[in-house]
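Heads up, the thing below is written out as structure tokens.
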Amino acid sequence: MSTVESGLRPRGKLPYDLVLLMLRSSALLLLPYLFLTQARPPFTLAESFVPYRNDSGPIPKESIANMTGAGVCVIDYDLDGDWDVYFPNRGENQLFRNEGAGHFEDVTTSAGAGDDGWAGGCAVADADNDGDPDLYVTNNGPNVLFRNDGDGTFSQVEGAVSSPGWSTGAAFGDLDNDGLLDLYVANYIDLSRVDAKARCRYFTIDVFCGPNGLPGSPDTLYHNRGGLEFEDVTEEAGVYRPDTRGFSVILTDLNFDRLPEIHVANDATIDLLFENRGGMRFEDVSLQSGVGYSGSGMEQSSMGSTAGDYDGDSDFDLYVTTFQRDYNTLFRNEGGLFFQDATVTSGLSLPTLDRLGWGTHSLDVDFDGDLELFVANGHIYPELVSHPEIGEPYAQENQLFLNDGRGRFEEARLADRSILRVGRGTAVGDLDENGAPDVVVNNLDDVPDLYLGRGGRHFVRVSLVGTSTNRDGLGAVVRVRSGGIEQIREMRLSDGYLGSNEPVLHFGLGEASRVDSLEVAWPSGTRDRCDGIEGRKNVRVKEGVGCLP
Amino acid sequence: MSPVILAALLLAQPLEEARELAARGEFEAAKAVLLKEVERSPTAPALAFLSQLQVITDAIPQGAQSLSRALELAPSQYRWRTTLGALYYRLGKLDEAERELRRAIGESPPLPVARYYLAGVFKARGDLARAEESARLAVEHMPEEPVAESLPRLDFSLSVNARYMLAEIEADLGREVEDLLRRTLRVEPTHPGARYLLARSLLKRGMKEEGRNELAIFDRSKRAHEHLQQGLNFSHAGNHERAVAEYRLALEAYPDHPRALFFLARELVARGFGEESQSLLTRLVEVEPGAEPLVVSLRQSR
């Protein structure tokens with residue numbers, strides 16, 4: 001693949017002084033290069049994807065339950081090496097098997113992955129450490145755990161993690177470092193205490209009420225006791241908060257003690273950060289850490305969330321999407337679980353004020369070794385279609401923010417064509433197996449979109465096999481050094497909005513063609529290191545063994 | 001009667017009628033009168049008043065539109081122009097906001113209110129240098145509002161908010177802001193944003209105990225503020241019992257909160273509960289001596 005095709009330097013990223021130098025050297029032959037590289041965005045929007053359509057109830061929306069939409073999960077349920085896609089929906093979830101060449105087949109029934117609940121979110125992980133991914137679906141009603149039977153079918157596991165409220169986000173992670181994946185489930189609003197027919201006003205428009213004024217619902221923490229038996233330990237673990245309205249959950253080790261913290265993006269209530277003190281005990285540090293509120297001390301209508309090292313200082317920062325007329329917030333990790341709202345100084349304030357953000361991901365779309373931000377957008381009030389004077393469109397464009405490597409971002413063209421949708425859940429996975437992360441967006445009351453990454457020349461994709469650590473290696477921290485740059489990623493599947501990503505860490509290498517070193521710090525304390533990886537795009541690391549041939 | 005006087009009277013009639021309706025809280029009816037009037041014969045005062053009513057009733061885009069029309073008829077009204085800039089700022093229309101605010105400042109410098117909103121525009125764009133300059137000018141030319149004037153409202157005075165915004169901008173620029181915040185908090189000790197920023201600054205400097213104390217006060221301020229907001233909503237909706245309950249919760253969260261003391265006393269005075277309201281007002285003056293004129297007037301209103 002040539003440099004031009006690789007899309008290594010998308011629009012806006014070519015240094016200006018280099019452009020001048022090239023032009024002055026009258027290298028006219030380079031002009032087509034400049035044109036192509038500056039014009040080509042990193043994604044192509046797939047013309048068609050899957051025969052799925054989100055159903056979130058009638059329009060106009062009668063209740064807040066009709067606006068939250070659904071997430072999406074990337075999962076290799078049949079272990080054939082490519083990524084299949086699971087869509088939660090209202091009464092008709094669908095699983096699509098990846099047949100290759102952009103074709104997907106609905107296998108919901110044959111795989112036993114259907115459910116008639118009102119689904120919103122999903123989470124994927126090998127919860128029983130048997131080598132295949134299990135699937136958890138959150139509902140407005142009892143949730144469902146599907147055990148993967150290893151033969152391309154699922155069985156529903158009764159009872160244990162049903163959490164019968166209105167659940168939204170969920171994330172698996174080994175919170176007590178016993179090798180078993182625990183489960184945190186965010187709950188949104190206690191609908192049993194809500195007048196479903198109440199109407200409110202947004203500017204002058206008659207709309208459904210909420211979330212302000214509606215009672216939140218406590219989240220649930222399940223401790224994995226083995227054999228897919230879970231115990232609700234919410235109160236004794238110290239994570240019980242009765243009145244928050246939870247959406248997205250990230251389990252991420254923010255202070256490098258090999259114990260993941262719990263971050264919950266809450267809608268119009270304080271975002272939560274629970275410091276993991278070990279032994280399944282947590283301390284609520286939402287307020288003192290600085291991630292509970294924006295830098296102004298205001299609660300935000302937080303929807304989606306992601307984490308990554310945006311400023312290259314080898315720790316994980318947080319990014320949270322929020323409501324229209326508020327900015328999506330970047331919290332810079334300053335160490336010691338202290339965060340600074342760095343939205344304004346990172347250039348991310350203005351471009352998100354006129355959008356309502358949902359799913360978001362940290363991914364290196366230009367393969368230059370730093371993390372960009374993808375954001376799916378869409379409003380909650382369809383009535384806005386007939387009120388253009390308010391200036392808040394219902395359907396909105398998704399966004400991409402390119403990182404300059406030091407944590408300063410600039411909005412860039414996302415895909416080859418723009419499209420207006422009411423975006424909600426998102427998930428990342430290399431569905432077309434070209435080495436670039438693709439993004440699936442589950443749109444409200446609409447068909448989903450698939451953003452296909454164009455690919456790049458130099459990269460490495462790292463997958464993990466835990467042995468004493470959980471099988472997926474969730475919580476493991478991977479450092480890749482190449483071309484004088486160190487990058488750090490953490491294996492975690494749930495981020496974005498109510499969805500789950502491929503269990504692969506993608507590292508763009510810029511101009512470097514080899515990985516000088518790759519180091520995995522497993523939650524168990526084991527460290528594996530491989531040096532001088534050249535000519536390999538996919539690297540699998542087994543705990544205690546190292547890079548597999 | 002001369003035709004000129006007759007015309008003036010005819011013009012004044014609908015405006016007067018709308019004013020009377022608005023004074024009785026019948027905003028929609030007042031709007032209807034004015035909408036009819038401006039359709040028939042648009043005048044700047046009628047459009048400006050209509051804009052005010054539209055904003056009060058949440059029709060902010062329409063309010064901006066009416067005010068914009070008023071300014072076409074009376075372009076030298078720089079105060080209206082400042083308001084229009086502020087409305088655009090609230091609507092997130094930053095370019096329009098900047099245009100109107102700059103024009104207003106051009107017509108009547110230094111115009112600190114316009115500078116304040118302009119600082120907000122620059123801050124939202126991440127242009128911290130210009131945001132700082134505007135906020136500084138706003139603070140420089142904006143006198144402190146007497147407590148008695150700002151206390152009946154839940155919103156803090158613009159002069160306090162301008163100082164807070166300047167502190168936020170300075171903090172983003174990596175500067176020391178604790179002095180400025182402490183000065184702001186001396187005027188408005190329950191300002192949640194200023195308290196939060198101070199707490200964050202202290203924590204960042206490793207002053208954990210002080211920082212946590214400030215966070216605790218912030219938390220109480222915030223909870224009190226939320227109850228006060230709810231209480232006001234109930235009060236406006238005519239549910240005075242629930243309003244009183246919310247104000248009591250605010251006082252529970254933050255004892256001696258000046259606004260909570262005042263709002264509760266005001267509600268009780270209106271309902272004839274004399275003894276408790278008197279003790280609340282006495283306490284208010286102890287906590288906030290600047291509130292005395294307000295307390296006197298409330299006592300007289302019994």
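Going through the structure tokens in order, the chains are called A, B, and so on, while each chain numbers its residues from 1 and the ligands are numbered from 1 in the order shown.
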
Residues of chain A within 10 Å of chain B, counting only C-alpha atoms, what are they? List them as a short mmCIF file (atom, residue, chain, number, x, y, z; two decimals) with C-alpha atoms, in the first residue's frame.
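This is the output file part32.cif:
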```cif
data_model
loop_
_atom_site.label_atom_id
_atom_site.label_comp_id
_atom_site.auth_asym_id
_atom_site.auth_seq_id
_atom_site.Cartn_x
_atom_site.Cartn_y
_atom_site.Cartn_z
CA ARG A 201 -41.37 22.34 27.99
CA TYR A 202 -38.14 22.74 26.11
CA PHE A 203 -38.00 26.38 25.15
CA THR A 204 -41.59 26.67 23.91
CA ILE A 205 -42.01 23.08 22.76
CA GLY A 213 -36.94 16.12 38.26
CA LEU A 287 -16.13 15.10 44.05
CA GLN A 288 -12.50 15.40 45.08
CA SER A 289 -11.18 13.80 41.90
CA GLY A 290 -12.78 16.55 39.83
CA TYR A 293 -18.62 17.95 37.69
CA SER A 294 -17.33 20.13 34.91
CA GLY A 295 -14.55 22.53 35.82
CA SER A 296 -17.22 25.07 36.76
CA GLY A 297 -18.66 22.74 39.35
CA MET A 298 -21.74 22.05 37.25
CA GLN A 324 -26.45 20.44 23.57
CA ARG A 325 -25.11 23.89 24.58
CA ASP A 326 -22.67 22.25 26.95
CA TYR A 327 -19.26 21.00 25.92
CA GLU A 334 -2.88 14.71 36.74
CA PHE A 338 -6.86 14.19 40.49
CA PHE A 339 -8.32 15.42 37.22
CA GLN A 340 -8.45 18.78 35.56
CA ASP A 341 -11.15 19.88 33.14
CA ALA A 342 -8.92 20.51 30.12
CA THR A 343 -11.67 20.96 27.55
CA VAL A 344 -11.03 24.59 26.73
CA THR A 345 -7.26 24.29 26.60
CA SER A 346 -7.45 21.17 24.44
CA GLY A 347 -9.56 22.93 21.81
CA LEU A 348 -12.59 20.73 22.41
CA SER A 349 -14.98 23.28 23.84
CA LEU A 350 -16.41 25.14 20.88
CA PRO A 351 -16.96 22.31 18.39
CA LEU A 353 -21.37 23.11 22.06
CA ASP A 354 -23.84 22.79 19.19
CA HIS A 387 -38.68 24.44 15.32
CA PRO A 388 -35.63 25.49 13.35
CA GLU A 389 -35.62 28.84 15.16
CA ILE A 390 -34.19 27.10 18.22
CA GLY A 391 -31.16 26.15 16.20
CA GLU A 392 -30.78 22.65 17.62
#
```

Q: Could you give me the residues within region 15-255 of chain B that DSSP places in helix (DSSP H, G or I), as a PyMOL selection string?
A: chain B and resi 15-23+27-40+44-56+60-73+78-90+94-107+112-125+128-141+147-150+158-172+178-187+192-204+208-236+240-253

Q: Please provide as a list in words all residues within 9 Å of Asp309 (chain A), with the sequence filter that same-chain residues fewer than 5 positions apart are discarded (counting only C-alpha atoms).
A: Ser314, Asp315, Phe316, Asp317, Leu318, Arg332, Asn333, Ser362, Asp370, Leu371, Gly407, Gln487, Ile488 and Arg489 of chain A

Give me a file of those residues, with N, CA and C atoms, as an mmCIF file, in the first residue's frame.
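Contents of the output file part_0.cif:
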```
data_model
loop_
_atom_site.group_PDB
_atom_site.id
_atom_site.type_symbol
_atom_site.label_atom_id
_atom_site.label_comp_id
_atom_site.auth_asym_id
_atom_site.auth_seq_id
_atom_site.Cartn_x
_atom_site.Cartn_y
_atom_site.Cartn_z
ATOM 1 N N SER A 314 1.371 9.040 29.535
ATOM 2 C CA SER A 314 1.321 7.673 30.056
ATOM 3 C C SER A 314 0.357 7.474 31.215
ATOM 4 N N ASP A 315 -0.752 8.163 31.176
ATOM 5 C CA ASP A 315 -1.858 7.779 32.059
ATOM 6 C C ASP A 315 -3.167 7.992 31.295
ATOM 7 N N PHE A 316 -4.252 7.529 31.874
ATOM 8 C CA PHE A 316 -5.512 7.553 31.152
ATOM 9 C C PHE A 316 -6.362 8.761 31.561
ATOM 10 N N ASP A 317 -6.704 9.542 30.555
ATOM 11 C CA ASP A 317 -7.585 10.677 30.746
ATOM 12 C C ASP A 317 -9.017 10.220 30.429
ATOM 13 N N LEU A 318 -9.978 11.052 30.740
ATOM 14 C CA LEU A 318 -11.374 10.677 30.513
ATOM 15 C C LEU A 318 -12.046 11.694 29.585
ATOM 16 N N ARG A 332 -8.298 15.768 32.214
ATOM 17 C CA ARG A 332 -6.898 15.348 32.127
ATOM 18 C C ARG A 332 -6.458 14.759 33.462
ATOM 19 N N ASN A 333 -5.871 13.572 33.382
ATOM 20 C CA ASN A 333 -5.391 12.879 34.577
ATOM 21 C C ASN A 333 -4.085 13.524 35.031
ATOM 22 N N SER A 362 -11.932 6.478 21.755
ATOM 23 C CA SER A 362 -10.558 6.939 21.581
ATOM 24 C C SER A 362 -9.908 5.963 20.606
ATOM 25 N N ASP A 370 -1.181 8.658 18.159
ATOM 26 C CA ASP A 370 -1.946 9.297 19.245
ATOM 27 C C ASP A 370 -3.422 9.020 19.035
ATOM 28 N N LEU A 371 -4.194 9.334 20.047
ATOM 29 C CA LEU A 371 -5.607 8.947 20.027
ATOM 30 C C LEU A 371 -6.512 10.083 19.588
ATOM 31 N N GLY A 407 -2.332 16.354 22.982
ATOM 32 C CA GLY A 407 -3.628 16.503 23.635
ATOM 33 C C GLY A 407 -4.387 17.736 23.209
ATOM 34 N N GLN A 487 3.464 4.415 23.489
ATOM 35 C CA GLN A 487 2.005 4.507 23.571
ATOM 36 C C GLN A 487 1.508 3.535 24.625
ATOM 37 N N ILE A 488 0.428 3.910 25.242
ATOM 38 C CA ILE A 488 -0.121 3.075 26.312
ATOM 39 C C ILE A 488 -1.623 2.885 26.078
ATOM 40 N N ARG A 489 -2.064 1.649 26.226
ATOM 41 C CA ARG A 489 -3.494 1.344 26.097
ATOM 42 C C ARG A 489 -3.847 0.331 27.185
#
```

Neighbours of Glu145 (chain B) within 10 Å (only C-alpha atoms; same-chain residues fewer than 3 positions away dropped), as a PDB file with C-alpha atoms, in the first residue's frame?
```
ATOM      1  CA  MET B 142     -18.574  46.833  36.962  1.00  0.00           C
ATOM      2  CA  ALA B 148     -30.045  43.891  48.957  1.00  0.00           C
ATOM      3  CA  GLU B 149     -30.538  44.094  45.215  1.00  0.00           C
ATOM      4  CA  SER B 150     -29.282  40.656  44.271  1.00  0.00           C
ATOM      5  CA  PHE B 156     -25.861  35.973  41.376  1.00  0.00           C
ATOM      6  CA  SER B 157     -25.106  39.517  40.356  1.00  0.00           C
ATOM      7  CA  LEU B 158     -23.263  40.061  37.118  1.00  0.00           C
ATOM      8  CA  SER B 159     -20.408  41.700  38.997  1.00  0.00           C
ATOM      9  CA  VAL B 160     -19.904  38.525  41.029  1.00  0.00           C
ATOM     10  CA  VAL B 187     -19.342  39.007  48.521  1.00  0.00           C
TER      11      VAL B 187
END
```

Q | Val504 (chain A) surroundings by only C-alpha atoms, 10 Å radius, close-in-sequence under 4 positions cut, as a list of chain:residue names | A | A:Val428, A:Gly429, A:Asp430, A:Pro437, A:Val460, A:Arg461, A:Val462, A:Ser463, A:Leu464, A:Asp472, A:Glu490, A:Met491, A:Arg492, A:Leu493, A:Asn538, A:Val539, A:Arg540

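Neighbours of region 28-44 of chain B closer than or equal to 9 Å, with only C-alpha atoms counted and sequence neighbours fewer than 3 positions away skipped, come out as Leu11, Pro14, Leu15, Glu17, Ala18, Arg19, Glu20, Leu21, Ala22, Gly25, Leu47, Ala48, Phe49, Leu50, Ser51, Leu53, Gln54, Thr57, Leu67, Arg69, Ala70, Leu71, Glu72, Leu73 and Ala74 of chain B.
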